Amino acid sequence: FRIIPLHNDIYCVLISSNAKHFTVGLDLNWAMKGSLLNNKDKKKKSLDVARKAIHMQRHLSFLQKSTDLIHQCPVPVICAVHGAAVGMGIDLMTACDIRYASKNSLFSVKEVDIGVVADVGSLARIPKQIGSQSLLRELVYTGRNFKCDEALKLGLINRVFDTPESTRQGALELCKEIASKSPVTIRGIKFMLNYEMDGASPKELQQMVRILNGSFLQTEDIGIAGMSFFTKKKPKFSKL
């Protein structure tokens with residue numbers, strides 16, 4: 001995701017898994033042996049509380065960047081989930097634009113069960129994406145597993161498929177449809193949606209879309225899209 005912004009021929013991104021599960025979250029063995037959750041580290045013991053906090057914040061920033069880069073990707077990111085999506089799997093999902101799931105999917109905001117406040121994106125993004133604060137708080141406070149019916153009700157996912165294969169295929173078809181649109185317009189829409197999600201006020205949003213469209217409305221893509229609409233032919237947009 002660091003290099004995607006450098007490639008103008010990428011119009012949409014799909015994240016899926018070929019394994020049994022989408023992801024079971026953070027590797028606790030790695031976290032315990034490293035300096036993230038290892039409180040027996042001799043170097044850390046020699047530091048005072050403030051210095052330990054600064055070191056810990058650096059590690060957390062590294063982990064947060066993994067999902068921030070997905071959220072900040074200039075093109076839409078779609079995830080196709082099957083099996084378990086636990087802990088950091090939810091962080092990864094909420095960084096995506098659109099989330100599809102197979103009916104065998106199982107979800108959990110599991111951090112509470114290891115004594116951790118979810119800190120890699122879930123609590124920063126889910127409250128702005130979901131429809132039920134009450135259900136969200138129940139799931140986050142308890143860490144219990146939940147299935148597609150509750151994930152749909154929550155707004156964590158928006159479509160459910162019968163199998164992992166049909167989930168990936170459905171997500172791929174959506175990627176193709178998005179990729180057929182004007183790449184200038186899609187990037188502009190993604191920018192504005194993220195700008196709003198980051199807390200901009202309605203006044204700031206109106207100002208930003210004026211600035212954005214001051215340049216974007218000059219694109220040749222508008223004429224191409226209009227001609228396609230009237231002639232009923234698939235539009236062909238220039239590369240970025």
# chains A, B, ... in the order shown; residues from 1 in each chain; ligands from 1
>>> closest_atom_pairs(of="range 122-233 of chain A", to="range 45-64 of chain A", cutoff="12 Å", atoms="only C-alpha atoms", output="Markdown table")
| residue | atom | partner | partner_atom | distance |
| --- | --- | --- | --- | --- |
| A:Ser122 | CA | A:Gln64 | CA | 10.2 |
| A:Leu123 | CA | A:Gln64 | CA | 11.8 |
| A:Ala124 | CA | A:Gln64 | CA | 10.6 |
>>> write_last_selection(atoms="all heavy atoms", output="PDB file, in the first residue's frame")
ATOM      1  N   SER A 122      -9.750  -0.083  14.824  1.00  0.00           N
ATOM      2  CA  SER A 122     -11.154  -0.445  15.018  1.00  0.00           C
ATOM      3  C   SER A 122     -11.944   0.644  15.730  1.00  0.00           C
ATOM      4  O   SER A 122     -12.982   1.111  15.243  1.00  0.00           O
ATOM      5  CB  SER A 122     -11.268  -1.755  15.813  1.00  0.00           C
ATOM      6  OG  SER A 122     -10.826  -2.847  15.049  1.00  0.00           O
ATOM      7  N   LEU A 123     -11.487   1.057  16.904  1.00  0.00           N
ATOM      8  CA  LEU A 123     -12.242   2.022  17.698  1.00  0.00           C
ATOM      9  C   LEU A 123     -12.194   3.417  17.094  1.00  0.00           C
ATOM     10  O   LEU A 123     -13.035   4.266  17.424  1.00  0.00           O
ATOM     11  CB  LEU A 123     -11.729   2.044  19.144  1.00  0.00           C
ATOM     12  CG  LEU A 123     -11.889   0.730  19.916  1.00  0.00           C
ATOM     13  CD1 LEU A 123     -11.472   0.915  21.361  1.00  0.00           C
ATOM     14  CD2 LEU A 123     -13.320   0.209  19.836  1.00  0.00           C
ATOM     15  N   ALA A 124     -11.221   3.645  16.215  1.00  0.00           N
ATOM     16  CA  ALA A 124     -11.149   4.948  15.549  1.00  0.00           C
ATOM     17  C   ALA A 124     -12.108   5.024  14.366  1.00  0.00           C
ATOM     18  O   ALA A 124     -12.591   6.107  14.018  1.00  0.00           O
ATOM     19  CB  ALA A 124      -9.716   5.220  15.076  1.00  0.00           C
TER      20      ALA A 124
END
>>> residues_around(residues="Ala85 in chain A", least_positions_apart="4", cutoff="8 Å", atoms="only C-alpha atoms", output="list in words")
His21, Phe22, Thr23, Val24, Gly25, Val81, Gly89, Ile90, Ser105, Leu106, Phe107 and Ser108 of chain A
>>> residues_around(residues="range 152-169 of chain A", least_positions_apart="5", cutoff="12 Å", atoms="only C-alpha atoms", output="count of residues only")
59
>>> closest_residue(among="A:Arg210, A:Lys232, A:Lys203, A:Arg2", to="Lys65 in chain A", atoms="only C-alpha atoms")
A:Arg2
>>> atom_distance(atom1="CA of Tyr11 in chain A", atom2="CA of Leu69 in chain A")
16.0 Å
>>> closest_residue(among="A:Leu205, A:Ile222, A:Ile114, A:Leu172", to="Thr142 in chain A", atoms="only C-alpha atoms")
A:Ile114
>>> decode(residues="range 77-124 of chain A", atoms="N, CA and C atoms", output="PDB file, in the first residue's frame")
ATOM      1  N   VAL A  77     -10.674   0.289  -1.784  1.00  0.00           N
ATOM      2  CA  VAL A  77     -10.149  -1.004  -1.332  1.00  0.00           C
ATOM      3  C   VAL A  77     -11.331  -1.848  -0.857  1.00  0.00           C
ATOM      4  N   ILE A  78     -11.455  -3.039  -1.416  1.00  0.00           N
ATOM      5  CA  ILE A  78     -12.557  -3.937  -1.094  1.00  0.00           C
ATOM      6  C   ILE A  78     -11.986  -5.184  -0.443  1.00  0.00           C
ATOM      7  N   CYS A  79     -12.605  -5.647   0.638  1.00  0.00           N
ATOM      8  CA  CYS A  79     -12.127  -6.897   1.242  1.00  0.00           C
ATOM      9  C   CYS A  79     -13.204  -7.970   1.141  1.00  0.00           C
ATOM     10  N   ALA A  80     -12.758  -9.185   0.877  1.00  0.00           N
ATOM     11  CA  ALA A  80     -13.626 -10.363   0.781  1.00  0.00           C
ATOM     12  C   ALA A  80     -13.237 -11.298   1.922  1.00  0.00           C
ATOM     13  N   VAL A  81     -14.118 -11.426   2.893  1.00  0.00           N
ATOM     14  CA  VAL A  81     -13.808 -12.139   4.137  1.00  0.00           C
ATOM     15  C   VAL A  81     -14.438 -13.524   4.153  1.00  0.00           C
ATOM     16  N   HIS A  82     -13.694 -14.503   4.675  1.00  0.00           N
ATOM     17  CA  HIS A  82     -14.261 -15.809   4.966  1.00  0.00           C
ATOM     18  C   HIS A  82     -13.560 -16.359   6.196  1.00  0.00           C
ATOM     19  N   GLY A  83     -14.195 -17.319   6.870  1.00  0.00           N
ATOM     20  CA  GLY A  83     -13.597 -17.868   8.078  1.00  0.00           C
ATOM     21  C   GLY A  83     -13.524 -16.804   9.165  1.00  0.00           C
ATOM     22  N   ALA A  84     -12.463 -16.865   9.963  1.00  0.00           N
ATOM     23  CA  ALA A  84     -12.331 -15.939  11.086  1.00  0.00           C
ATOM     24  C   ALA A  84     -11.717 -14.615  10.657  1.00  0.00           C
ATOM     25  N   ALA A  85     -12.261 -13.546  11.225  1.00  0.00           N
ATOM     26  CA  ALA A  85     -11.673 -12.214  11.116  1.00  0.00           C
ATOM     27  C   ALA A  85     -11.667 -11.660  12.530  1.00  0.00           C
ATOM     28  N   VAL A  86     -10.522 -11.775  13.183  1.00  0.00           N
ATOM     29  CA  VAL A  86     -10.432 -11.525  14.619  1.00  0.00           C
ATOM     30  C   VAL A  86      -9.414 -10.428  14.911  1.00  0.00           C
ATOM     31  N   GLY A  87      -9.691  -9.625  15.938  1.00  0.00           N
ATOM     32  CA  GLY A  87      -8.727  -8.632  16.405  1.00  0.00           C
ATOM     33  C   GLY A  87      -8.280  -7.687  15.316  1.00  0.00           C
ATOM     34  N   MET A  88      -7.013  -7.801  14.932  1.00  0.00           N
ATOM     35  CA  MET A  88      -6.489  -6.922  13.886  1.00  0.00           C
ATOM     36  C   MET A  88      -7.165  -7.165  12.539  1.00  0.00           C
ATOM     37  N   GLY A  89      -7.842  -8.315  12.404  1.00  0.00           N
ATOM     38  CA  GLY A  89      -8.627  -8.555  11.198  1.00  0.00           C
ATOM     39  C   GLY A  89      -9.759  -7.549  11.076  1.00  0.00           C
ATOM     40  N   ILE A  90     -10.361  -7.173  12.208  1.00  0.00           N
ATOM     41  CA  ILE A  90     -11.405  -6.149  12.210  1.00  0.00           C
ATOM     42  C   ILE A  90     -10.787  -4.787  11.903  1.00  0.00           C
ATOM     43  N   ASP A  91      -9.594  -4.534  12.437  1.00  0.00           N
ATOM     44  CA  ASP A  91      -8.879  -3.287  12.127  1.00  0.00           C
ATOM     45  C   ASP A  91      -8.664  -3.156  10.624  1.00  0.00           C
ATOM     46  N   LEU A  92      -8.218  -4.259  10.019  1.00  0.00           N
ATOM     47  CA  LEU A  92      -7.963  -4.277   8.579  1.00  0.00           C
ATOM     48  C   LEU A  92      -9.259  -4.052   7.800  1.00  0.00           C
ATOM     49  N   MET A  93     -10.326  -4.742   8.200  1.00  0.00           N
ATOM     50  CA  MET A  93     -11.600  -4.613   7.507  1.00  0.00           C
ATOM     51  C   MET A  93     -12.121  -3.178   7.539  1.00  0.00           C
ATOM     52  N   THR A  94     -12.068  -2.552   8.706  1.00  0.00           N
ATOM     53  CA  THR A  94     -12.637  -1.209   8.838  1.00  0.00           C
ATOM     54  C   THR A  94     -11.817  -0.159   8.096  1.00  0.00           C
ATOM     55  N   ALA A  95     -10.587  -0.508   7.701  1.00  0.00           N
ATOM     56  CA  ALA A  95      -9.788   0.411   6.894  1.00  0.00           C
ATOM     57  C   ALA A  95     -10.184   0.358   5.421  1.00  0.00           C
ATOM     58  N   CYS A  96     -10.960  -0.667   5.053  1.00  0.00           N
ATOM     59  CA  CYS A  96     -11.380  -0.839   3.659  1.00  0.00           C
ATOM     60  C   CYS A  96     -12.644  -0.041   3.361  1.00  0.00           C
ATOM     61  N   ASP A  97     -12.874   0.232   2.081  1.00  0.00           N
ATOM     62  CA  ASP A  97     -14.060   0.986   1.664  1.00  0.00           C
ATOM     63  C   ASP A  97     -15.320   0.144   1.711  1.00  0.00           C
ATOM     64  N   ILE A  98     -15.211  -1.102   1.248  1.00  0.00           N
ATOM     65  CA  ILE A  98     -16.374  -1.977   1.106  1.00  0.00           C
ATOM     66  C   ILE A  98     -15.985  -3.360   1.610  1.00  0.00           C
ATOM     67  N   ARG A  99     -16.930  -4.000   2.337  1.00  0.00           N
ATOM     68  CA  ARG A  99     -16.612  -5.271   2.967  1.00  0.00           C
ATOM     69  C   ARG A  99     -17.679  -6.310   2.627  1.00  0.00           C
ATOM     70  N   TYR A 100     -17.269  -7.373   1.937  1.00  0.00           N
ATOM     71  CA  TYR A 100     -18.121  -8.513   1.629  1.00  0.00           C
ATOM     72  C   TYR A 100     -17.672  -9.687   2.497  1.00  0.00           C
ATOM     73  N   ALA A 101     -18.599 -10.622   2.763  1.00  0.00           N
ATOM     74  CA  ALA A 101     -18.228 -11.777   3.592  1.00  0.00           C
ATOM     75  C   ALA A 101     -18.962 -13.030   3.157  1.00  0.00           C
ATOM     76  N   SER A 102     -18.299 -14.158   3.366  1.00  0.00           N
ATOM     77  CA  SER A 102     -18.925 -15.464   3.168  1.00  0.00           C
ATOM     78  C   SER A 102     -19.748 -15.784   4.411  1.00  0.00           C
ATOM     79  N   LYS A 103     -20.806 -16.568   4.233  1.00  0.00           N
ATOM     80  CA  LYS A 103     -21.700 -16.838   5.365  1.00  0.00           C
ATOM     81  C   LYS A 103     -21.037 -17.671   6.458  1.00  0.00           C
ATOM     82  N   ASN A 104     -19.853 -18.249   6.184  1.00  0.00           N
ATOM     83  CA  ASN A 104     -19.140 -18.997   7.216  1.00  0.00           C
ATOM     84  C   ASN A 104     -18.217 -18.096   8.047  1.00  0.00           C
ATOM     85  N   SER A 105     -18.302 -16.784   7.840  1.00  0.00           N
ATOM     86  CA  SER A 105     -17.396 -15.854   8.528  1.00  0.00           C
ATOM     87  C   SER A 105     -17.750 -15.712  10.012  1.00  0.00           C
ATOM     88  N   LEU A 106     -16.709 -15.505  10.799  1.00  0.00           N
ATOM     89  CA  LEU A 106     -16.852 -15.310  12.241  1.00  0.00           C
ATOM     90  C   LEU A 106     -15.996 -14.110  12.630  1.00  0.00           C
ATOM     91  N   PHE A 107     -16.575 -13.185  13.386  1.00  0.00           N
ATOM     92  CA  PHE A 107     -15.889 -11.941  13.709  1.00  0.00           C
ATOM     93  C   PHE A 107     -15.745 -11.779  15.220  1.00  0.00           C
ATOM     94  N   SER A 108     -14.707 -11.038  15.620  1.00  0.00           N
ATOM     95  CA  SER A 108     -14.552 -10.713  17.038  1.00  0.00           C
ATOM     96  C   SER A 108     -13.571  -9.561  17.205  1.00  0.00           C
ATOM     97  N   VAL A 109     -13.993  -8.570  17.987  1.00  0.00           N
ATOM     98  CA  VAL A 109     -13.067  -7.509  18.414  1.00  0.00           C
ATOM     99  C   VAL A 109     -12.455  -8.048  19.710  1.00  0.00           C
ATOM    100  N   LYS A 110     -11.410  -8.833  19.564  1.00  0.00           N
ATOM    101  CA  LYS A 110     -10.931  -9.726  20.622  1.00  0.00           C
ATOM    102  C   LYS A 110      -9.989  -9.076  21.628  1.00  0.00           C
ATOM    103  N   GLU A 111      -9.559  -7.860  21.366  1.00  0.00           N
ATOM    104  CA  GLU A 111      -8.503  -7.261  22.181  1.00  0.00           C
ATOM    105  C   GLU A 111      -8.805  -7.241  23.671  1.00  0.00           C
ATOM    106  N   VAL A 112     -10.080  -7.060  24.033  1.00  0.00           N
ATOM    107  CA  VAL A 112     -10.428  -6.977  25.453  1.00  0.00           C
ATOM    108  C   VAL A 112     -10.032  -8.239  26.212  1.00  0.00           C
ATOM    109  N   ASP A 113     -10.027  -9.385  25.536  1.00  0.00           N
ATOM    110  CA  ASP A 113      -9.712 -10.650  26.199  1.00  0.00           C
ATOM    111  C   ASP A 113      -8.232 -10.832  26.479  1.00  0.00           C
ATOM    112  N   ILE A 114      -7.387  -9.982  25.921  1.00  0.00           N
ATOM    113  CA  ILE A 114      -5.963 -10.015  26.272  1.00  0.00           C
ATOM    114  C   ILE A 114      -5.566  -8.723  26.991  1.00  0.00           C
ATOM    115  N   GLY A 115      -6.594  -8.009  27.481  1.00  0.00           N
ATOM    116  CA  GLY A 115      -6.335  -6.821  28.290  1.00  0.00           C
ATOM    117  C   GLY A 115      -5.856  -5.624  27.519  1.00  0.00           C
ATOM    118  N   VAL A 116      -6.256  -5.528  26.244  1.00  0.00           N
ATOM    119  CA  VAL A 116      -5.784  -4.444  25.382  1.00  0.00           C
ATOM    120  C   VAL A 116      -6.970  -3.648  24.844  1.00  0.00           C
ATOM    121  N   VAL A 117      -6.844  -2.323  24.810  1.00  0.00           N
ATOM    122  CA  VAL A 117      -7.817  -1.478  24.128  1.00  0.00           C
ATOM    123  C   VAL A 117      -7.502  -1.547  22.635  1.00  0.00           C
ATOM    124  N   ALA A 118      -8.466  -1.923  21.813  1.00  0.00           N
ATOM    125  CA  ALA A 118      -8.224  -2.038  20.362  1.00  0.00           C
ATOM    126  C   ALA A 118      -7.623  -0.737  19.844  1.00  0.00           C
ATOM    127  N   ASP A 119      -6.402  -0.816  19.308  1.00  0.00           N
ATOM    128  CA  ASP A 119      -5.656   0.415  19.048  1.00  0.00           C
ATOM    129  C   ASP A 119      -5.069   0.523  17.644  1.00  0.00           C
ATOM    130  N   VAL A 120      -5.465  -0.367  16.729  1.00  0.00           N
ATOM    131  CA  VAL A 120      -4.881  -0.324  15.396  1.00  0.00           C
ATOM    132  C   VAL A 120      -5.899   0.152  14.358  1.00  0.00           C
ATOM    133  N   GLY A 121      -7.017   0.698  14.826  1.00  0.00           N
ATOM    134  CA  GLY A 121      -7.959   1.302  13.891  1.00  0.00           C
ATOM    135  C   GLY A 121      -9.425   1.045  14.165  1.00  0.00           C
ATOM    136  N   SER A 122      -9.750  -0.083  14.824  1.00  0.00           N
ATOM    137  CA  SER A 122     -11.154  -0.445  15.018  1.00  0.00           C
ATOM    138  C   SER A 122     -11.944   0.644  15.730  1.00  0.00           C
ATOM    139  N   LEU A 123     -11.487   1.057  16.904  1.00  0.00           N
ATOM    140  CA  LEU A 123     -12.242   2.022  17.698  1.00  0.00           C
ATOM    141  C   LEU A 123     -12.194   3.417  17.094  1.00  0.00           C
ATOM    142  N   ALA A 124     -11.221   3.645  16.215  1.00  0.00           N
ATOM    143  CA  ALA A 124     -11.149   4.948  15.549  1.00  0.00           C
ATOM    144  C   ALA A 124     -12.108   5.024  14.366  1.00  0.00           C
TER     145      ALA A 124
END
